[in-house]
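A.B. asks: This one is run_1.csv, CSV, C-alpha atoms.
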```
chain,number,residue,atom,x,y,z
P,781,MET,CA,-17.5,3.7,-35.9
P,782,ASN,CA,-15.7,5.2,-38.8
P,783,ARG,CA,-13.5,7.5,-36.8
P,784,LYS,CA,-9.8,7.7,-37.6
P,785,PHE,CA,-7.4,7.3,-34.6
P,786,SER,CA,-4.0,8.9,-34.6
P,787,SER,CA,-0.9,7.2,-33.2
P,788,ASP,CA,0.4,10.6,-32.0
P,789,ALA,CA,-2.8,11.7,-30.3
P,790,SER,CA,-2.1,14.4,-27.6
P,791,ASP,CA,-3.3,14.3,-24.0
P,792,ARG,CA,-5.8,17.0,-24.9
P,793,GLU,CA,-7.2,15.0,-27.8
P,794,ILE,CA,-7.6,12.0,-25.6
P,795,ALA,CA,-9.2,14.1,-22.9
P,796,ASP,CA,-11.6,15.7,-25.4
P,797,ALA,CA,-12.8,12.4,-26.9
P,798,ARG,CA,-16.5,12.0,-27.1
P,799,ASP,CA,-16.6,9.3,-24.4
P,800,LEU,CA,-14.2,7.0,-22.5
P,801,GLU,CA,-14.2,4.3,-25.2
P,802,ASP,CA,-13.1,6.9,-27.8
P,803,GLY,CA,-10.4,8.2,-25.6
P,804,PHE,CA,-9.2,4.7,-24.8
P,805,LEU,CA,-8.9,3.9,-28.5
P,806,LEU,CA,-6.9,7.0,-29.0
P,807,TRP,CA,-4.7,6.1,-26.1
P,808,LYS,CA,-4.1,2.6,-27.3
P,809,GLU,CA,-2.9,3.8,-30.7
P,810,ARG,CA,-0.5,6.2,-29.1
P,811,PHE,CA,0.8,3.7,-26.7
P,812,LYS,CA,1.8,1.3,-29.5
P,813,SER,CA,4.2,3.9,-30.9
P,814,SER,CA,5.3,5.3,-27.5
P,815,PRO,CA,8.8,5.0,-26.0
P,816,ALA,CA,7.3,2.9,-23.2
P,817,SER,CA,6.6,0.1,-25.7
P,818,ALA,CA,10.0,0.1,-27.3
P,819,GLY,CA,11.6,-3.4,-27.4
P,820,ILE,CA,8.3,-5.3,-27.3
P,821,PRO,CA,7.9,-7.6,-30.3
P,822,GLU,CA,5.7,-5.7,-32.8
P,823,ASP,CA,3.2,-8.6,-33.4
P,824,LEU,CA,2.7,-9.2,-29.7
P,825,LEU,CA,2.3,-5.5,-29.0
P,826,ASP,CA,-0.2,-4.9,-31.8
P,827,ALA,CA,-2.3,-8.0,-31.0
P,828,THR,CA,-2.3,-7.6,-27.3
P,829,ILE,CA,-3.0,-3.9,-27.1
P,830,SER,CA,-5.6,-4.1,-29.9
P,831,ARG,CA,-7.5,-6.7,-27.9
P,832,ALA,CA,-7.2,-4.8,-24.6
P,833,SER,CA,-10.5,-3.6,-23.1
P,834,LEU,CA,-11.5,-0.7,-20.9
P,835,GLU,CA,-12.5,-2.1,-17.5
P,836,PRO,CA,-15.3,-0.1,-15.7
P,837,GLN,CA,-14.6,-2.1,-12.5
P,838,VAL,CA,-11.0,-0.8,-12.5
P,839,ILE,CA,-12.2,2.8,-12.8
P,840,LYS,CA,-14.7,2.2,-10.0
P,841,ARG,CA,-12.1,0.7,-7.7
P,842,LEU,CA,-9.4,3.3,-8.4
P,843,ASN,CA,-10.5,5.7,-5.7
P,844,ASN,CA,-12.0,3.1,-3.4
P,845,GLN,CA,-9.0,1.2,-1.9
P,846,SER,CA,-10.0,0.0,1.5
P,847,GLU,CA,-6.7,0.5,3.1
P,848,PHE,CA,-7.0,4.2,2.2
P,849,THR,CA,-10.7,4.9,2.6
P,850,SER,CA,-11.8,2.7,5.5
P,851,SER,CA,-10.9,3.4,9.2
P,852,ILE,CA,-7.8,1.6,10.3
P,853,TRP,CA,-9.7,-0.5,12.8
P,854,ASN,CA,-12.2,-1.7,10.2
P,855,TYR,CA,-9.4,-2.5,7.9
P,856,LEU,CA,-7.6,-4.4,10.6
P,857,ASP,CA,-10.7,-6.3,11.6
P,858,SER,CA,-10.7,-7.8,8.2
P,859,ALA,CA,-7.0,-8.1,7.5
P,860,VAL,CA,-6.1,-9.5,10.9
P,861,SER,CA,-9.3,-11.4,11.6
P,862,PRO,CA,-9.4,-14.5,13.9
P,863,LYS,CA,-10.0,-16.6,10.8
P,864,ARG,CA,-7.0,-15.2,9.0
P,865,ILE,CA,-4.8,-15.6,12.1
P,866,ALA,CA,-5.7,-19.3,12.3
P,867,ALA,CA,-5.1,-19.8,8.6
P,868,GLY,CA,-1.8,-18.0,8.9
P,869,LYS,CA,-0.7,-20.4,11.7
P,870,ASP,CA,-1.7,-23.3,9.5
P,871,ALA,CA,0.2,-21.9,6.6
P,872,LEU,CA,3.3,-21.3,8.8
P,873,ALA,CA,3.2,-24.9,9.9
P,874,ALA,CA,2.5,-26.3,6.4
P,875,HIS,CA,5.4,-24.5,4.7
P,876,ARG,CA,7.8,-24.5,7.7
P,877,GLU,CA,10.7,-26.2,5.9
P,878,ASP,CA,10.5,-24.1,2.8
P,879,LEU,CA,10.2,-21.0,4.9
P,880,LYS,CA,13.3,-22.0,6.8
P,881,LYS,CA,15.2,-22.3,3.5
P,882,ILE,CA,13.9,-18.9,2.4
P,883,GLU,CA,14.9,-17.3,5.7
P,884,ARG,CA,18.4,-18.7,5.4
P,885,ARG,CA,18.8,-17.4,1.9
P,886,PHE,CA,17.2,-14.0,2.3
P,887,GLY,CA,17.0,-13.3,6.0
P,888,VAL,CA,13.3,-12.6,6.1
P,889,GLU,CA,11.2,-14.4,8.7
P,890,GLY,CA,8.4,-16.8,7.6
P,891,SER,CA,5.8,-15.0,9.7
P,892,ILE,CA,6.2,-11.8,7.7
P,893,LEU,CA,6.0,-13.6,4.4
P,894,VAL,CA,2.9,-15.6,5.5
P,895,ALA,CA,1.3,-12.3,6.7
P,896,ILE,CA,1.9,-10.6,3.3
P,897,TRP,CA,0.6,-13.8,1.5
P,898,GLY,CA,-2.6,-13.8,3.7
P,899,ILE,CA,-3.3,-10.1,3.2
P,900,GLU,CA,-2.5,-10.0,-0.5
P,901,SER,CA,-4.4,-13.1,-1.7
P,902,ASP,CA,-5.9,-14.8,1.4
P,903,PHE,CA,-3.3,-17.5,1.2
P,904,GLY,CA,-3.9,-18.1,-2.5
P,905,ALA,CA,-7.7,-18.2,-2.4
P,906,CYS,CA,-8.0,-14.8,-4.2
P,907,LEU,CA,-5.3,-14.4,-6.9
P,908,GLY,CA,-7.5,-12.0,-8.9
P,909,ASP,CA,-10.1,-12.2,-11.6
P,910,MET,CA,-9.2,-9.3,-13.8
P,911,PRO,CA,-7.1,-9.6,-17.0
P,912,VAL,CA,-3.8,-8.0,-16.1
P,913,VAL,CA,-3.3,-6.3,-19.5
P,914,ASN,CA,-6.8,-4.8,-19.4
P,915,SER,CA,-6.3,-3.5,-15.8
P,916,LEU,CA,-3.0,-1.9,-16.6
P,917,ALA,CA,-4.2,-0.4,-19.9
P,918,THR,CA,-7.2,1.0,-18.2
P,919,LEU,CA,-5.1,2.6,-15.4
P,920,ALA,CA,-2.5,3.9,-17.9
P,921,PHE,CA,-5.3,5.6,-19.8
P,922,TYR,CA,-7.5,6.8,-16.9
P,923,SER,CA,-5.5,7.2,-13.7
P,924,ASN,CA,-3.4,10.2,-12.6
P,925,ARG,CA,-0.3,7.9,-12.6
P,926,LYS,CA,-0.2,7.3,-16.4
P,927,ALA,CA,3.6,7.1,-16.8
P,928,PHE,CA,3.8,4.5,-14.0
P,929,PHE,CA,1.1,2.3,-15.4
P,930,GLU,CA,2.3,2.6,-19.0
P,931,ALA,CA,5.7,1.3,-17.7
P,932,GLU,CA,4.0,-1.5,-15.9
P,933,LEU,CA,2.0,-2.4,-19.0
P,934,ALA,CA,5.2,-2.5,-21.0
P,935,ASP,CA,6.8,-4.8,-18.4
P,936,ALA,CA,3.7,-7.0,-18.6
P,937,LEU,CA,4.1,-7.4,-22.3
P,938,GLY,CA,7.8,-8.2,-21.7
P,939,ILE,CA,6.7,-11.0,-19.4
P,940,LEU,CA,4.3,-12.3,-22.0
P,941,ALA,CA,7.2,-12.4,-24.5
P,942,LYS,CA,9.6,-14.3,-22.3
P,943,ASN,CA,7.8,-16.4,-19.6
P,944,SER,CA,5.9,-19.5,-20.6
P,945,GLU,CA,3.7,-19.4,-17.4
P,946,PHE,CA,1.8,-16.4,-18.7
P,947,GLU,CA,-0.8,-16.0,-21.5
P,948,ALA,CA,-2.3,-12.8,-22.8
P,949,ASP,CA,-5.4,-13.1,-20.7
P,950,TRP,CA,-3.6,-14.0,-17.4
P,951,LEU,CA,-5.5,-12.8,-14.3
P,952,GLY,CA,-4.6,-10.6,-11.4
P,953,SER,CA,-6.0,-7.8,-9.3
P,954,TRP,CA,-7.8,-4.7,-10.5
P,955,ALA,CA,-4.5,-2.8,-10.2
P,956,GLY,CA,-2.5,-5.2,-12.3
P,957,ALA,CA,-0.8,-7.2,-9.5
P,958,PHE,CA,-0.8,-10.9,-9.8
P,959,GLY,CA,0.3,-14.1,-8.0
P,960,HIS,CA,0.1,-15.3,-4.4
P,961,THR,CA,1.8,-12.2,-3.1
P,962,GLN,CA,0.5,-9.8,-5.8
P,963,PHE,CA,3.6,-8.6,-7.6
P,964,MET,CA,3.4,-5.8,-10.2
P,965,PRO,CA,5.1,-6.7,-13.5
P,966,SER,CA,8.2,-4.6,-12.7
P,967,SER,CA,8.6,-6.3,-9.4
P,968,PHE,CA,8.2,-9.7,-11.0
P,969,LEU,CA,11.0,-8.8,-13.5
P,970,ARG,CA,13.3,-7.5,-10.7
P,971,PHE,CA,12.6,-9.9,-7.9
P,972,ALA,CA,10.9,-13.1,-9.0
P,973,VAL,CA,13.1,-16.2,-8.1
P,974,SER,CA,12.6,-19.9,-7.9
P,975,LEU,CA,13.6,-21.4,-4.6
P,976,ASP,CA,14.9,-24.6,-6.2
P,977,GLY,CA,16.0,-23.2,-9.6
P,978,GLY,CA,14.3,-22.9,-12.9
P,979,GLU,CA,11.6,-20.5,-14.0
P,980,ALA,CA,9.9,-18.7,-11.1
P,981,SER,CA,6.3,-19.6,-10.7
P,982,ILE,CA,4.4,-17.1,-8.5
P,983,CYS,CA,0.8,-17.9,-9.7
P,984,GLY,CA,0.8,-21.7,-9.5
P,985,LYS,CA,-0.6,-24.1,-7.0
P,986,SER,CA,2.5,-23.9,-4.8
P,987,PRO,CA,3.2,-20.5,-3.1
P,988,VAL,CA,6.9,-21.3,-2.5
P,989,ASP,CA,8.3,-19.2,-5.3
P,990,ALA,CA,6.0,-16.3,-4.5
P,991,LEU,CA,7.1,-16.4,-0.9
P,992,ALA,CA,10.8,-16.6,-1.9
P,993,SER,CA,10.3,-13.7,-4.4
P,994,THR,CA,8.7,-11.6,-1.7
P,995,ALA,CA,11.6,-12.3,0.6
P,996,ASN,CA,14.0,-11.2,-2.2
P,997,TYR,CA,12.0,-8.0,-2.6
P,998,LEU,CA,12.1,-7.2,1.1
P,999,LYS,CA,15.8,-8.0,1.3
P,1000,ALA,CA,16.5,-5.6,-1.6
P,1001,TYR,CA,14.7,-2.8,0.2
P,1002,GLY,CA,16.8,-3.3,3.4
P,1003,TRP,CA,15.1,-5.9,5.6
P,1004,LEU,CA,17.0,-6.4,8.8
P,1005,PRO,CA,17.0,-10.1,9.9
P,1006,GLY,CA,15.8,-10.8,13.4
P,1007,GLN,CA,14.4,-7.3,14.1
P,1008,PRO,CA,10.7,-6.5,14.7
P,1009,TRP,CA,8.6,-4.1,12.6
P,1010,GLY,CA,7.6,-2.3,15.7
P,1011,VAL,CA,6.2,-2.5,19.3
P,1012,GLU,CA,3.1,-1.1,20.8
P,1013,ILE,CA,3.9,1.7,23.3
P,1014,THR,CA,2.4,3.9,26.0
P,1015,LEU,CA,3.0,7.6,26.1
P,1016,PRO,CA,3.6,9.8,29.2
P,1017,PRO,CA,1.2,12.6,30.0
P,1018,SER,CA,3.9,15.1,29.1
P,1019,PHE,CA,4.6,13.7,25.6
P,1020,ASP,CA,5.0,16.3,22.9
P,1021,TYR,CA,2.7,15.0,20.1
P,1022,LEU,CA,4.6,17.0,17.5
P,1023,LEU,CA,7.3,14.3,17.8
P,1024,ALA,CA,4.8,11.7,16.6
P,1025,ASP,CA,5.7,12.3,13.0
P,1026,GLY,CA,6.8,9.2,11.1
P,1027,ARG,CA,9.7,11.3,9.6
P,1028,ILE,CA,11.2,12.0,13.1
P,1029,GLU,CA,13.5,9.2,14.3
P,1030,LYS,CA,15.2,8.8,17.6
P,1031,SER,CA,17.1,6.0,19.3
P,1032,SER,CA,15.3,3.8,21.8
P,1033,GLU,CA,17.4,5.3,24.5
P,1034,ALA,CA,16.2,8.8,23.6
P,1035,TRP,CA,12.5,7.7,23.5
P,1036,ASN,CA,13.0,6.0,26.8
P,1037,ARG,CA,14.3,9.2,28.4
P,1038,LEU,CA,11.1,10.9,27.3
P,1039,GLY,CA,9.1,8.4,29.2
P,1040,ILE,CA,7.9,6.1,26.4
P,1041,ARG,CA,7.4,2.5,27.4
P,1042,ARG,CA,6.1,-0.7,26.0
P,1043,THR,CA,2.6,-1.7,27.2
P,1044,ASP,CA,4.1,-3.9,29.9
P,1045,ASN,CA,6.0,-0.8,31.2
P,1046,SER,CA,9.4,-2.2,30.0
P,1047,PRO,CA,11.8,0.1,28.1
P,1048,LEU,CA,11.9,0.1,24.3
P,1049,PRO,CA,14.2,-2.6,22.8
P,1050,ASP,CA,17.3,-1.3,21.1
P,1051,PHE,CA,16.9,-2.1,17.4
P,1052,GLY,CA,18.2,1.2,16.1
P,1053,ASN,CA,16.3,4.3,15.5
P,1054,SER,CA,12.5,4.3,15.5
P,1055,SER,CA,9.6,6.7,14.9
P,1056,ILE,CA,6.4,7.1,16.8
P,1057,VAL,CA,3.4,6.2,14.8
P,1058,LEU,CA,-0.1,7.1,16.1
P,1059,PRO,CA,-2.7,6.0,13.4
P,1060,ALA,CA,-5.6,7.2,15.6
P,1061,GLY,CA,-3.8,10.0,17.3
P,1062,SER,CA,-4.0,10.2,21.1
P,1063,GLN,CA,-7.2,8.1,21.0
P,1064,GLY,CA,-5.8,4.7,19.9
P,1065,PRO,CA,-2.8,2.4,20.0
P,1066,GLY,CA,0.6,3.9,19.4
P,1067,PHE,CA,3.8,2.2,18.1
P,1068,ALA,CA,7.5,2.6,18.0
P,1069,ALA,CA,8.2,1.7,14.4
P,1070,PHE,CA,11.7,0.4,13.5
P,1071,SER,CA,13.5,0.1,10.1
P,1072,ASN,CA,11.6,-3.0,9.0
P,1073,PHE,CA,8.3,-1.1,9.2
P,1074,ARG,CA,9.5,1.2,6.4
P,1075,VAL,CA,10.6,-1.8,4.4
P,1076,ILE,CA,7.0,-3.1,4.6
P,1077,GLY,CA,6.0,0.3,3.3
P,1078,ALA,CA,8.1,-0.3,0.2
P,1079,TYR,CA,5.6,-3.1,-0.6
P,1080,ASN,CA,2.5,-1.0,0.0
P,1081,ARG,CA,2.8,2.6,1.4
P,1082,SER,CA,-0.6,2.5,3.2
P,1083,LEU,CA,-0.1,2.9,7.0
P,1084,ALA,CA,-3.0,0.6,7.6
P,1085,TYR,CA,-1.4,-2.1,5.4
P,1086,MET,CA,2.0,-1.7,7.0
P,1087,ILE,CA,0.5,-2.2,10.5
P,1088,ALA,CA,-1.7,-5.0,9.3
P,1089,VAL,CA,1.3,-7.0,7.9
P,1090,GLY,CA,3.3,-6.4,11.1
P,1091,HIS,CA,0.5,-7.3,13.4
P,1092,LEU,CA,-0.6,-10.4,11.5
P,1093,ALA,CA,3.0,-11.6,11.5
P,1094,ASP,CA,3.0,-11.2,15.3
P,1095,ARG,CA,-0.3,-12.9,15.8
P,1096,VAL,CA,0.6,-16.0,13.7
P,1097,LYS,CA,3.6,-16.3,16.0
P,1098,GLY,CA,1.2,-16.4,19.0
P,1099,GLU,CA,1.6,-12.8,20.2
P,1100,PRO,CA,-1.4,-11.0,21.8
P,1101,PRO,CA,-3.7,-8.4,20.2
P,1102,PHE,CA,-3.0,-4.7,20.8
P,1103,ALA,CA,-3.4,-3.7,24.4
P,1104,ARG,CA,-5.2,-0.5,23.6
P,1105,GLU,CA,-8.6,-0.2,21.9
P,1106,TRP,CA,-9.3,1.8,18.8
P,1107,PRO,CA,-11.7,4.8,18.9
P,1108,ARG,CA,-14.5,2.8,17.2
P,1109,LEU,CA,-17.1,5.5,17.8
P,1110,GLU,CA,-15.2,8.0,15.7
P,1111,PRO,CA,-16.8,8.0,12.2
P,1112,PRO,CA,-14.3,7.5,9.4
P,1113,LEU,CA,-13.8,10.3,6.9
P,1114,SER,CA,-14.7,9.7,3.2
P,1115,SER,CA,-12.1,10.6,0.6
P,1116,SER,CA,-14.2,13.6,-0.4
P,1117,LEU,CA,-14.1,14.9,3.2
P,1118,VAL,CA,-10.4,14.3,3.5
P,1119,ARG,CA,-9.9,16.3,0.3
P,1120,GLU,CA,-12.0,19.1,1.8
P,1121,MET,CA,-9.8,19.0,4.9
P,1122,GLN,CA,-6.7,19.1,2.8
P,1123,SER,CA,-8.0,22.1,0.8
P,1124,ARG,CA,-8.9,24.0,4.0
P,1125,LEU,CA,-5.6,23.3,5.7
P,1126,THR,CA,-3.7,24.5,2.6
P,1127,SER,CA,-5.9,27.7,2.4
P,1128,LEU,CA,-5.0,28.4,6.0
P,1129,GLY,CA,-1.3,28.2,5.4
P,1130,PHE,CA,-0.8,24.5,6.4
P,1131,ASP,CA,0.2,23.1,2.9
P,1132,THR,CA,-0.7,19.4,2.5
P,1133,LYS,CA,1.1,19.4,-0.9
P,1134,SER,CA,-2.0,17.8,-2.6
P,1135,ALA,CA,-5.7,17.2,-2.1
P,1136,ASP,CA,-5.8,13.5,-3.0
P,1137,GLY,CA,-8.2,12.3,-0.3
P,1138,ILE,CA,-5.6,10.3,1.5
P,1139,ALA,CA,-4.5,11.4,5.0
P,1140,GLY,CA,-0.8,10.6,4.5
P,1141,PRO,CA,2.3,12.0,6.2
P,1142,ASN,CA,2.1,15.5,4.7
P,1143,THR,CA,-1.6,15.9,5.7
P,1144,MET,CA,-1.0,14.6,9.2
P,1145,ALA,CA,1.9,17.0,9.6
P,1146,SER,CA,-0.4,19.9,8.5
P,1147,ILE,CA,-3.1,18.8,10.9
P,1148,ARG,CA,-0.5,18.8,13.8
P,1149,MET,CA,0.5,22.3,13.0
P,1150,PHE,CA,-3.1,23.5,12.8
P,1151,GLN,CA,-4.0,21.7,16.1
P,1152,ALA,CA,-1.0,23.3,17.8
P,1153,ARG,CA,-2.2,26.7,16.7
P,1154,GLU,CA,-5.7,26.0,18.0
P,1155,ASN,CA,-4.3,24.7,21.4
P,1156,LEU,CA,-5.5,21.2,20.6
P,1157,VAL,CA,-3.6,18.0,21.2
P,1158,PRO,CA,-1.4,18.0,18.0
P,1159,ASP,CA,-1.7,14.3,17.3
P,1160,GLY,CA,-2.4,14.5,13.5
P,1161,PHE,CA,-5.6,12.5,13.6
P,1162,ALA,CA,-8.2,13.5,10.9
P,1163,THR,CA,-11.6,13.5,12.5
P,1164,LEU,CA,-15.0,15.0,11.7
P,1165,GLY,CA,-14.6,17.3,14.7
P,1166,LEU,CA,-11.4,18.6,13.3
P,1167,LEU,CA,-13.0,19.2,10.0
P,1168,GLU,CA,-15.7,21.2,11.6
P,1169,ARG,CA,-13.0,23.3,13.4
P,1170,LEU,CA,-11.3,23.9,10.0
P,1171,ARG,CA,-14.6,25.0,8.5
P,1172,CYS,CA,-15.1,27.5,11.2
P,1173,ALA,CA,-11.5,28.8,10.9
P,1174,SER,CA,-11.9,29.1,7.1
P,1175,THR,CA,-15.1,31.1,7.3
P,1176,SER,CA,-13.5,33.5,9.8
P,1177,LEU,CA,-10.8,34.6,7.4
```
What does the file become when written as structure tokens?
C.D. replies:
Amino acid sequence: MNRKFSSDASDREIADARDLEDGFLLWKERFKSSPASAGIPEDLLDATISRASLEPQVIKRLNNQSEFTSSIWNYLDSAVSPKRIAAGKDALAAHREDLKKIERRFGVEGSILVAIWGIESDFGACLGDMPVVNSLATLAFYSNRKAFFEAELADALGILAKNSEFEADWLGSWAGAFGHTQFMPSSFLRFAVSLDGGEASICGKSPVDALASTANYLKAYGWLPGQPWGVEITLPPSFDYLLADGRIEKSSEAWNRLGIRRTDNSPLPDFGNSSIVLPAGSQGPGFAAFSNFRVIGAYNRSLAYMIAVGHLADRVKGEPPFAREWPRLEPPLSSSLVREMQSRLTSLGFDTKSADGIAGPNTMASIRMFQARENLVPDGFATLGLLERLRCASTSL
């Protein structure tokens, strides 16, 4: 190929390249002279970025994240499987003394750290098999979060320049996270610690530094020691489902006055304000989610992930499964169907803010408002039946 690539290529030039490989070459040249790469040793920057490869598997996985595209019950079946619960109990016992040290230092319980470890890397069995630099470069070039991944790539190069544990082809996940608890480069630079001093090692045979680093991360985001992530609840027949919005918080006393109870009919415990979370609307388990639930969300904002971490932590401590069953006969919606739902809601005046194929808080709030207008239970649950209702409403305009 005799094509000349400019270091100041515009987004339009990159988008108009003849194919992905051409666009990627243009992007790499621009990145090497971009503000994001400032401060990286020039020889390391040039050599590493020049060798970086476009990863088709990363592009394939980009819009196929299981915690966003699968039903929550299918995700939990895998994330909190009997095998993983048993392995989590073993991990909790095997690392009990180190976890006690970590809890004394950071205030984060070992069960939560073990749960994150189990879900992120299956207790170290799956640390990732994709070159971190390639993954981040591919995402910085191809994803719709280019600035974020360019910054992460720059941080990865900074790690290569300073940390002896890492080499240019070090491996991680398709999204550029690495180590036992899958830190992004920026998180490694901010939060990685060694429990016993020295250089933090989060990818080695021992998970202790990774667990301590994760505790440091959670503490920085406001983890409250000794408090639960949430509790499963039952709702009274008179419950106003418009209150089941994760952004609405009330004290336990206020929720108790509305008739909300734990599944054993006891009142909600007083651990500060909580929000009511109904991942499957009125058809599945519901939860009073406390402050620590939102801290888990700082690690991964997926609602399914947040519940999985909390529930796995409970299960490795010996607590029972959820009391209420999930609506397993309800077919999950693909990303394309969720995007259609978002577009139709917005066209009807219930703005979802974006059509990204993820039924997040804004989409759930829009669904509630549409359901209320249609005299349906306004529980925010995205179902195929609801989509059919939206289609009928759209065609009648």
A.B. asks: Could you list, as number ranges by chain, every residue within 9 Å of Val1096 (chain P), counting all atoms listed in the file and ignoring same-chain residues fewer than 2 positions away?
C.D. replies: P: 864-870, 872, 891, 894-895, 1091-1094, 1098-1099
A.B. asks: Using CA of Thr1126 (chain P) and CA of Arg1148 (chain P) as the two end points, give the distance in Å to one decimal.
C.D. replies: 13.0 Å
A.B. asks: Using all atoms listed in the file, which residue out of P:Leu919, P:Ile1040, P:Leu879, P:Leu1156 lies closest to Gln837 (chain P)?
C.D. replies: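 The answer is P:Leu919, which sits nearest to Gln837 (chain P).
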A.B. asks: Please list as JSON, numbers by chain every residue within 6 Å of Val888 (chain P), counting only C-alpha atoms and excluding residues in the same chain fewer than 3 positions away.
C.D. replies: {"P": [883, 995, 1005]}
A.B. asks: Choose the residue, out of P:Pro1065, P:Lys880, P:Ser1114, P:Gly1026, that has the smallest atom-to-atom separation from Leu975 (chain P); count all atoms listed in the file.
C.D. replies: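 Looking at the shortest contact to Leu975 (chain P), the residue is P:Lys880.
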A.B. asks: Can you tell me, as number ranges by chain, what residues are no more than 12 Å from Asn924 (chain P) when counting all atoms listed in the file, ignoring any on the same chain fewer than 4 positions away?
C.D. replies: P: 839, 842-843, 918-920, 928-930, 1136
A.B. asks: Would you pick out the contacts of region 1080-1088 of chain P at 10 Å or less, using all atoms listed in the file, so that residues sharing its chain but fewer than 5 positions from it are not included, and give the list as JSON, numbers by chain?
C.D. replies: {"P": [845, 846, 847, 848, 850, 851, 852, 853, 854, 855, 856, 857, 858, 859, 860, 895, 896, 899, 900, 1009, 1010, 1057, 1059, 1067, 1069, 1072, 1073, 1074, 1075, 1093, 1094, 1138, 1139, 1140, 1141]}
A.B. asks: Point out the residue among P:Gly1077, P:Ile892, P:Ile1056, P:Glu947 with the least atom-to-atom distance to Thr994 (chain P), counting all atoms listed in the file.
C.D. replies: P:Ile892
A.B. asks: Let me make sure I understand: among P:Cys906, P:Leu1167, P:Val1011, P:Leu916, which one has the smallest atom-to-atom distance to His960 (chain P) if we use all atoms listed in the file?
C.D. replies: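 That would be P:Cys906, the residue with the smallest distance to His960 (chain P).
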A.B. asks: From the set P:Ala1162, P:Leu969, P:Leu937, P:Met910, which residue has the shortest atom-to-atom contact distance to Gly956 (chain P), counting only C-alpha atoms?
C.D. replies: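 Among the listed residues, the smallest separation from Gly956 (chain P) belongs to P:Met910.
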A.B. asks: Residues within 9 Å of Ala1145 (chain P), please, as an NGL selection string. Count all atoms listed in the file; anything in the same chain fewer than 3 positions from it doesn't count.
C.D. replies: :P and (1022 or 1025 or 1130 or 1132 or 1140-1142 or 1148-1150 or 1159-1160)
A.B. asks: Please complete region 912-924 of chain P with N, CA and C atoms and give it back as a compact mmCIF listing (two decimals), in the coordinates of the input.
C.D. replies:
```txt
# COMPACT_ATOMS: atom_id res chain seq x y z
N VAL P 912 -4.83 -8.95 -16.47
CA VAL P 912 -3.80 -8.00 -16.10
C VAL P 912 -3.57 -6.93 -17.13
N VAL P 913 -3.53 -7.33 -18.40
CA VAL P 913 -3.30 -6.30 -19.50
C VAL P 913 -4.42 -5.32 -19.49
N ASN P 914 -5.66 -5.77 -19.36
CA ASN P 914 -6.80 -4.80 -19.40
C ASN P 914 -6.71 -3.86 -18.20
N SER P 915 -6.39 -4.38 -17.02
CA SER P 915 -6.30 -3.50 -15.80
C SER P 915 -5.25 -2.45 -16.01
N LEU P 916 -4.07 -2.87 -16.45
CA LEU P 916 -3.00 -1.90 -16.60
C LEU P 916 -3.24 -0.90 -17.71
N ALA P 917 -3.84 -1.37 -18.80
CA ALA P 917 -4.20 -0.40 -19.90
C ALA P 917 -5.20 0.57 -19.43
N THR P 918 -6.20 0.12 -18.68
CA THR P 918 -7.20 1.00 -18.20
C THR P 918 -6.60 2.09 -17.27
N LEU P 919 -5.71 1.66 -16.38
CA LEU P 919 -5.10 2.60 -15.40
C LEU P 919 -4.10 3.52 -16.15
N ALA P 920 -3.40 3.00 -17.14
CA ALA P 920 -2.50 3.90 -17.90
C ALA P 920 -3.24 4.94 -18.65
N PHE P 921 -4.44 4.62 -19.08
CA PHE P 921 -5.30 5.60 -19.80
C PHE P 921 -5.98 6.54 -18.83
N TYR P 922 -6.49 6.02 -17.69
CA TYR P 922 -7.50 6.80 -16.90
C TYR P 922 -6.89 7.39 -15.62
N SER P 923 -5.91 6.75 -14.99
CA SER P 923 -5.50 7.20 -13.70
C SER P 923 -4.59 8.46 -13.78
N ASN P 924 -4.26 9.03 -12.63
CA ASN P 924 -3.40 10.20 -12.60
C ASN P 924 -1.89 9.75 -12.50
```
